[in-house]
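Shown next, in structure tokens, is the structure this report addresses.
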Amino acid sequence: MAPQNPSLAPAVNTVDPALIAQPAVQKLVDVCRAMSIWPMTFGLACCAIEMMAVGMARFDIARYGAEVFRPSPRQSDLMIVAGTVNKKMAPAVVRLYEQMPAPRYVMALGNCAISGGPFNIENQYNVIQGVDTLIPVDVYVPGCPPRPEALLEGLFAIQQKMTGRRWWQVPQGGQS
Amino acid sequence: MVFTWLQAAILLFFLGGILFAAGPLVGSLLLAPKAHGGAMGESYECGVPTHGNSWIKFGINYYFYALIFLAFEVDILYLFPVAAAYASPQGLATTFKLLVFLAVLAAAVVYFMRKGVFTWPRKIQVSPRP
């Protein structure tokens with residue numbers, strides 16, 4: 001298969017392990033990390049509106065410790081790719097990802113970020129067909145746009161990925 | 001050696017302050033994995049990629065504007081308190097001091113006039129003294 005984005009280099013993702021890498025210590029620190037995720041204030045399209053809704057009082061991502069939206073990649077550890085990544089914007093996305101400190105996590109929010117979504121057509125010349133062709137994605141949240149609850153579920157999935165367990169109860173009627 | 005509880009408390013708070021400031025830095029140094037490469041070393045987080053290095057010759061036009069600003073603005077700034085104080089008589093010695101102050105700042109203005117700054121050219125050329 002030919003490279004999908006010939007003019008774009010995927011993100012450099014070299015991460016050295018921590019100096020104190022004992023599992024017991026890192027497990028404890030991972031719980032601390034998972035309970036205070038700092039997402040990046042970064043939206044590309046309409047999914048960002050849902051991301052704003054999640055930060056507001058009704059859905060209130062602060063209940064799960066992730067309300068500190070940082071305006072700088074150097075201070076954030078979760079990148080929510082909220083929206084359509086087109087070729088003009090992709091270098092900026094890659095650059096922001098490369099500037100985040102480790103451990104860094106990426107949530108692809110919405111169909112556009114996952115696969116190109118409605119723009120996943122033949123001879124597409126402008127929209128990146130899935131942001132995971134450029135940066136490593138940890139959690140995919142489908143929807144067009146996803147509901148704020150879906151974003152919260154995505155956050156829970158990232159917390160589960162960090163710590164190895166689910167921290168919040170499964171909503172009624174939901175699947176575990 | 002006299003070592004009271006007050007001194008102990010000051011020392012303790014001093015230590016606490018140092019730990020409060022240095023603790024997170026040392027903690028992240030020891031506990032966090034390190035990402036590097038790519039744009040991590042870039043100065044800026046957005047915008048066009050930087051090119052060239054910063055050790056180049058800059059035009060110093062704005063330096064002159066800053067100095068002119070200093071010469072005139074500081075002049076006015078420090079004369080306000082003088083004007084306020086001159087409501088009551090201050091004597092001849094004070095007047096002399098004020099004149100010295102004004103003379104120093106006036107020397108700067110004369111210097112710029114000699115350098116041709118007040119002709120407002122497009123580019124100020126500072127030629128070395130012949």
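Chains: A, B, ... in order of the structure tokens. Residues: from 1 per chain. Ligands: from 1, in order shown.
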
Expected answer as a ChimeraX atom specification: chain A residues within 9 Å of chain B, only C-alpha atoms: /A:11-21,25-26,29,72-74,92,94-104

Write the selection just made, keeping N, CA, C and O atoms, as a short mmCIF file (atom, residue, chain, number, x, y, z; two decimals), in the first residue's frame?
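In the end it all went to result.cif:
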data_model
loop_
_atom_site.label_atom_id
_atom_site.label_comp_id
_atom_site.auth_asym_id
_atom_site.auth_seq_id
_atom_site.Cartn_x
_atom_site.Cartn_y
_atom_site.Cartn_z
N ALA A 11 4.33 11.88 13.02
CA ALA A 11 4.98 12.49 14.19
C ALA A 11 6.12 11.62 14.69
O ALA A 11 6.06 10.40 14.65
N VAL A 12 7.18 12.29 15.16
CA VAL A 12 8.28 11.60 15.84
C VAL A 12 7.80 11.28 17.25
O VAL A 12 7.31 12.14 17.96
N ASN A 13 7.91 10.01 17.61
CA ASN A 13 7.37 9.61 18.91
C ASN A 13 8.42 8.78 19.66
O ASN A 13 8.22 7.61 19.94
N THR A 14 9.56 9.42 19.95
CA THR A 14 10.58 8.72 20.73
C THR A 14 10.43 9.09 22.19
O THR A 14 10.44 10.26 22.54
N VAL A 15 10.25 8.08 23.03
CA VAL A 15 10.02 8.30 24.45
C VAL A 15 11.00 7.43 25.23
O VAL A 15 11.00 6.22 25.07
N ASP A 16 11.82 8.11 26.05
CA ASP A 16 12.70 7.36 26.96
C ASP A 16 11.92 6.99 28.20
O ASP A 16 11.10 7.78 28.68
N PRO A 17 12.19 5.81 28.78
CA PRO A 17 11.48 5.45 30.01
C PRO A 17 11.92 6.33 31.17
O PRO A 17 12.96 6.98 31.12
N ALA A 18 11.09 6.35 32.19
CA ALA A 18 11.39 7.18 33.36
C ALA A 18 12.61 6.64 34.09
O ALA A 18 12.98 5.47 33.96
N LEU A 19 13.26 7.53 34.87
CA LEU A 19 14.44 7.12 35.64
C LEU A 19 14.05 6.12 36.72
O LEU A 19 14.74 5.14 36.94
N ILE A 20 12.93 6.41 37.39
CA ILE A 20 12.41 5.46 38.36
C ILE A 20 11.27 4.73 37.67
O ILE A 20 10.14 5.22 37.63
N ALA A 21 11.56 3.59 37.10
CA ALA A 21 10.56 2.90 36.28
C ALA A 21 10.03 1.65 36.97
O ALA A 21 9.47 0.78 36.30
N VAL A 25 5.99 1.99 41.64
CA VAL A 25 5.97 3.45 41.66
C VAL A 25 5.14 3.97 40.51
O VAL A 25 4.27 4.84 40.67
N GLN A 26 5.39 3.44 39.32
CA GLN A 26 4.71 3.96 38.14
C GLN A 26 3.21 3.71 38.20
O GLN A 26 2.42 4.49 37.67
N VAL A 29 1.85 6.47 40.27
CA VAL A 29 1.88 7.73 39.52
C VAL A 29 0.85 7.72 38.40
O VAL A 29 0.25 8.75 38.10
N SER A 72 -1.37 25.28 25.90
CA SER A 72 -0.04 24.98 25.38
C SER A 72 0.20 23.48 25.37
O SER A 72 -0.13 22.80 26.34
N PRO A 73 0.77 22.95 24.28
CA PRO A 73 1.03 21.51 24.27
C PRO A 73 2.05 21.09 25.32
O PRO A 73 2.06 19.94 25.74
N ARG A 74 2.90 22.02 25.74
CA ARG A 74 3.94 21.65 26.70
C ARG A 74 3.37 21.34 28.07
O ARG A 74 4.06 20.80 28.91
N ALA A 92 0.45 21.21 11.67
CA ALA A 92 0.30 21.82 12.98
C ALA A 92 -0.08 20.78 14.02
O ALA A 92 0.41 20.80 15.15
N VAL A 94 0.66 17.59 13.93
CA VAL A 94 1.85 16.78 14.20
C VAL A 94 2.80 17.54 15.12
O VAL A 94 3.35 16.99 16.08
N ARG A 95 2.95 18.83 14.83
CA ARG A 95 3.86 19.64 15.63
C ARG A 95 3.40 19.73 17.08
O ARG A 95 4.19 19.59 18.02
N LEU A 96 2.11 19.92 17.26
CA LEU A 96 1.58 20.00 18.62
C LEU A 96 1.78 18.67 19.34
O LEU A 96 2.16 18.64 20.51
N TYR A 97 1.56 17.58 18.62
CA TYR A 97 1.75 16.27 19.26
C TYR A 97 3.20 16.10 19.68
O TYR A 97 3.49 15.64 20.79
N GLU A 98 4.12 16.51 18.80
CA GLU A 98 5.53 16.31 19.13
C GLU A 98 5.97 17.16 20.30
O GLU A 98 6.95 16.84 20.96
N GLN A 99 5.26 18.24 20.56
CA GLN A 99 5.67 19.12 21.65
C GLN A 99 5.04 18.76 22.97
O GLN A 99 5.35 19.38 23.99
N MET A 100 4.16 17.77 22.99
CA MET A 100 3.58 17.37 24.26
C MET A 100 4.58 16.53 25.03
O MET A 100 5.31 15.73 24.46
N PRO A 101 4.64 16.70 26.36
CA PRO A 101 5.54 15.87 27.15
C PRO A 101 4.96 14.48 27.32
O PRO A 101 3.75 14.28 27.28
N ALA A 102 5.85 13.51 27.51
CA ALA A 102 5.39 12.15 27.77
C ALA A 102 4.96 12.04 29.23
O ALA A 102 5.48 12.76 30.07
N PRO A 103 4.06 11.15 29.60
CA PRO A 103 3.26 10.30 28.75
C PRO A 103 2.13 11.08 28.09
O PRO A 103 1.45 11.85 28.74
N ARG A 104 1.96 10.89 26.79
CA ARG A 104 0.96 11.68 26.07
C ARG A 104 -0.05 10.74 25.42
O ARG A 104 0.29 9.64 24.99
#

Residue set, stretch 56-153 of chain A restricted to strand (DSSP E), as a PyMOL selection string: chain A and resi 78-82+105-109+139-141

Go ahead and write the selection's residues with N, CA and C atoms as a PDB file, in the first residue's frame.
ATOM      1  N   LEU A  78      -3.159  15.167  27.132  1.00  0.00           N
ATOM      2  CA  LEU A  78      -4.168  14.530  26.287  1.00  0.00           C
ATOM      3  C   LEU A  78      -4.487  15.459  25.126  1.00  0.00           C
ATOM      4  N   MET A  79      -4.348  14.919  23.925  1.00  0.00           N
ATOM      5  CA  MET A  79      -4.718  15.696  22.749  1.00  0.00           C
ATOM      6  C   MET A  79      -6.035  15.148  22.235  1.00  0.00           C
ATOM      7  N   ILE A  80      -7.076  15.978  22.265  1.00  0.00           N
ATOM      8  CA  ILE A  80      -8.364  15.567  21.724  1.00  0.00           C
ATOM      9  C   ILE A  80      -8.433  16.113  20.307  1.00  0.00           C
ATOM     10  N   VAL A  81      -8.245  15.235  19.324  1.00  0.00           N
ATOM     11  CA  VAL A  81      -8.311  15.681  17.933  1.00  0.00           C
ATOM     12  C   VAL A  81      -9.784  15.793  17.589  1.00  0.00           C
ATOM     13  N   ALA A  82     -10.342  16.990  17.787  1.00  0.00           N
ATOM     14  CA  ALA A  82     -11.778  17.179  17.649  1.00  0.00           C
ATOM     15  C   ALA A  82     -12.075  17.771  16.287  1.00  0.00           C
ATOM     16  N   TYR A 105      -1.262  11.211  25.400  1.00  0.00           N
ATOM     17  CA  TYR A 105      -2.355  10.376  24.893  1.00  0.00           C
ATOM     18  C   TYR A 105      -3.134  11.163  23.848  1.00  0.00           C
ATOM     19  N   VAL A 106      -3.705  10.438  22.915  1.00  0.00           N
ATOM     20  CA  VAL A 106      -4.454  11.086  21.831  1.00  0.00           C
ATOM     21  C   VAL A 106      -5.824  10.439  21.748  1.00  0.00           C
ATOM     22  N   MET A 107      -6.839  11.279  21.713  1.00  0.00           N
ATOM     23  CA  MET A 107      -8.197  10.794  21.480  1.00  0.00           C
ATOM     24  C   MET A 107      -8.652  11.328  20.126  1.00  0.00           C
ATOM     25  N   ALA A 108      -9.023  10.400  19.230  1.00  0.00           N
ATOM     26  CA  ALA A 108      -9.575  10.815  17.947  1.00  0.00           C
ATOM     27  C   ALA A 108     -11.075  10.958  18.134  1.00  0.00           C
ATOM     28  N   LEU A 109     -11.554  12.203  18.145  1.00  0.00           N
ATOM     29  CA  LEU A 109     -12.953  12.462  18.458  1.00  0.00           C
ATOM     30  C   LEU A 109     -13.722  12.687  17.165  1.00  0.00           C
ATOM     31  N   VAL A 139      -7.463   6.306  21.756  1.00  0.00           N
ATOM     32  CA  VAL A 139      -8.879   6.003  21.879  1.00  0.00           C
ATOM     33  C   VAL A 139      -9.626   6.644  20.719  1.00  0.00           C
ATOM     34  N   TYR A 140     -10.497   5.866  20.123  1.00  0.00           N
ATOM     35  CA  TYR A 140     -11.341   6.367  19.036  1.00  0.00           C
ATOM     36  C   TYR A 140     -12.744   6.563  19.574  1.00  0.00           C
ATOM     37  N   VAL A 141     -13.298   7.752  19.405  1.00  0.00           N
ATOM     38  CA  VAL A 141     -14.665   8.023  19.846  1.00  0.00           C
ATOM     39  C   VAL A 141     -15.495   8.302  18.601  1.00  0.00           C
TER      40      VAL A 141
END

Close residues, B:Met113 itself excluded, 12 Å, only C-alpha atoms, min 5 positions apart in chain, as a list in words: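 The residues that qualify are Phe64, Ile68, Ala71, Ala106, Ala107, Ala108, Phe118, Thr119 and Trp120 of chain B.
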
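Atom to atom, atom CA of A:Arg165 and atom CA of A:Phe59 stand 22.3 Å apart.
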
DSSP-assigned helix (DSSP H, G or I) members of chain B, reported as a VMD selection string: chain B and resid 5 to 31 38 to 41 61 to 85 92 to 115 117 to 119

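When the distance limit is 12 Å and only C-alpha atoms are what count, the residues near B:Leu98, minus those fewer than 2 positions from it on the same chain, are Asp75, Tyr78, Leu79, Phe80, Pro81, Val82, Ala83, Ala85, Tyr86, Gln90, Gly91, Leu92, Ala93, Thr94, Thr95, Phe96, Val100, Phe101, Leu102, Ala103, Val104 and Leu105 of chain B.
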
Let's have the selection written as a compact mmCIF listing (two decimals), in the first residue's frame, with N, CA and C atoms.
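Everything below was put into part-v3.txt:
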# COMPACT_ATOMS: atom_id res chain seq x y z
N ASP B 75 12.24 62.97 31.24
CA ASP B 75 12.31 64.38 31.55
C ASP B 75 11.00 64.85 32.17
N TYR B 78 9.89 63.02 35.58
CA TYR B 78 10.52 63.41 36.84
C TYR B 78 10.31 64.87 37.14
N LEU B 79 9.78 65.61 36.20
CA LEU B 79 9.50 67.02 36.51
C LEU B 79 8.15 67.19 37.18
N PHE B 80 7.29 66.16 37.09
CA PHE B 80 5.99 66.27 37.77
C PHE B 80 6.15 66.38 39.28
N PRO B 81 6.95 65.51 39.92
CA PRO B 81 7.13 65.68 41.37
C PRO B 81 7.78 66.99 41.71
N VAL B 82 8.69 67.44 40.84
CA VAL B 82 9.33 68.73 41.09
C VAL B 82 8.29 69.83 41.07
N ALA B 83 7.41 69.76 40.06
CA ALA B 83 6.38 70.78 39.96
C ALA B 83 5.47 70.74 41.18
N ALA B 85 6.36 69.76 44.17
CA ALA B 85 7.07 70.24 45.34
C ALA B 85 7.30 71.74 45.29
N TYR B 86 7.32 72.32 44.09
CA TYR B 86 7.62 73.75 43.97
C TYR B 86 6.47 74.64 44.38
N GLN B 90 11.65 76.21 47.64
CA GLN B 90 12.62 75.16 47.93
C GLN B 90 14.04 75.70 48.06
N GLY B 91 14.29 76.88 47.63
CA GLY B 91 15.64 77.42 47.76
C GLY B 91 16.45 77.26 46.48
N LEU B 92 17.60 77.91 46.46
CA LEU B 92 18.40 77.98 45.25
C LEU B 92 19.13 76.67 44.96
N ALA B 93 19.54 75.96 46.01
CA ALA B 93 20.30 74.72 45.83
C ALA B 93 19.48 73.70 45.05
N THR B 94 18.20 73.63 45.36
CA THR B 94 17.32 72.67 44.68
C THR B 94 17.20 73.02 43.21
N THR B 95 17.09 74.29 42.92
CA THR B 95 16.99 74.73 41.54
C THR B 95 18.23 74.31 40.77
N PHE B 96 19.40 74.46 41.42
CA PHE B 96 20.65 74.09 40.78
C PHE B 96 20.66 72.58 40.46
N VAL B 100 20.93 70.65 36.82
CA VAL B 100 21.90 69.61 36.48
C VAL B 100 21.19 68.43 35.83
N PHE B 101 20.08 68.04 36.44
CA PHE B 101 19.29 66.93 35.90
C PHE B 101 18.84 67.23 34.47
N LEU B 102 18.32 68.45 34.28
CA LEU B 102 17.86 68.83 32.94
C LEU B 102 19.02 68.88 31.97
N ALA B 103 20.18 69.32 32.44
CA ALA B 103 21.34 69.43 31.54
C ALA B 103 21.78 68.06 31.06
N VAL B 104 21.75 67.07 31.97
CA VAL B 104 22.14 65.72 31.57
C VAL B 104 21.20 65.20 30.48
N LEU B 105 19.91 65.39 30.70
CA LEU B 105 18.96 64.90 29.70
C LEU B 105 19.05 65.72 28.41

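With only C-alpha atoms as the basis for measurement, A:Tyr64 is the residue among A:Tyr64, A:Pro136, A:Ala48, A:Pro146 that approaches A:Gln169 most closely.
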
Interatomic distance (Å, one decimal) between atom CA of A:Thr84 and atom CA of A:Leu44: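 According to the coordinates, atom CA of A:Thr84 and atom CA of A:Leu44 are separated by 6.1 Å.
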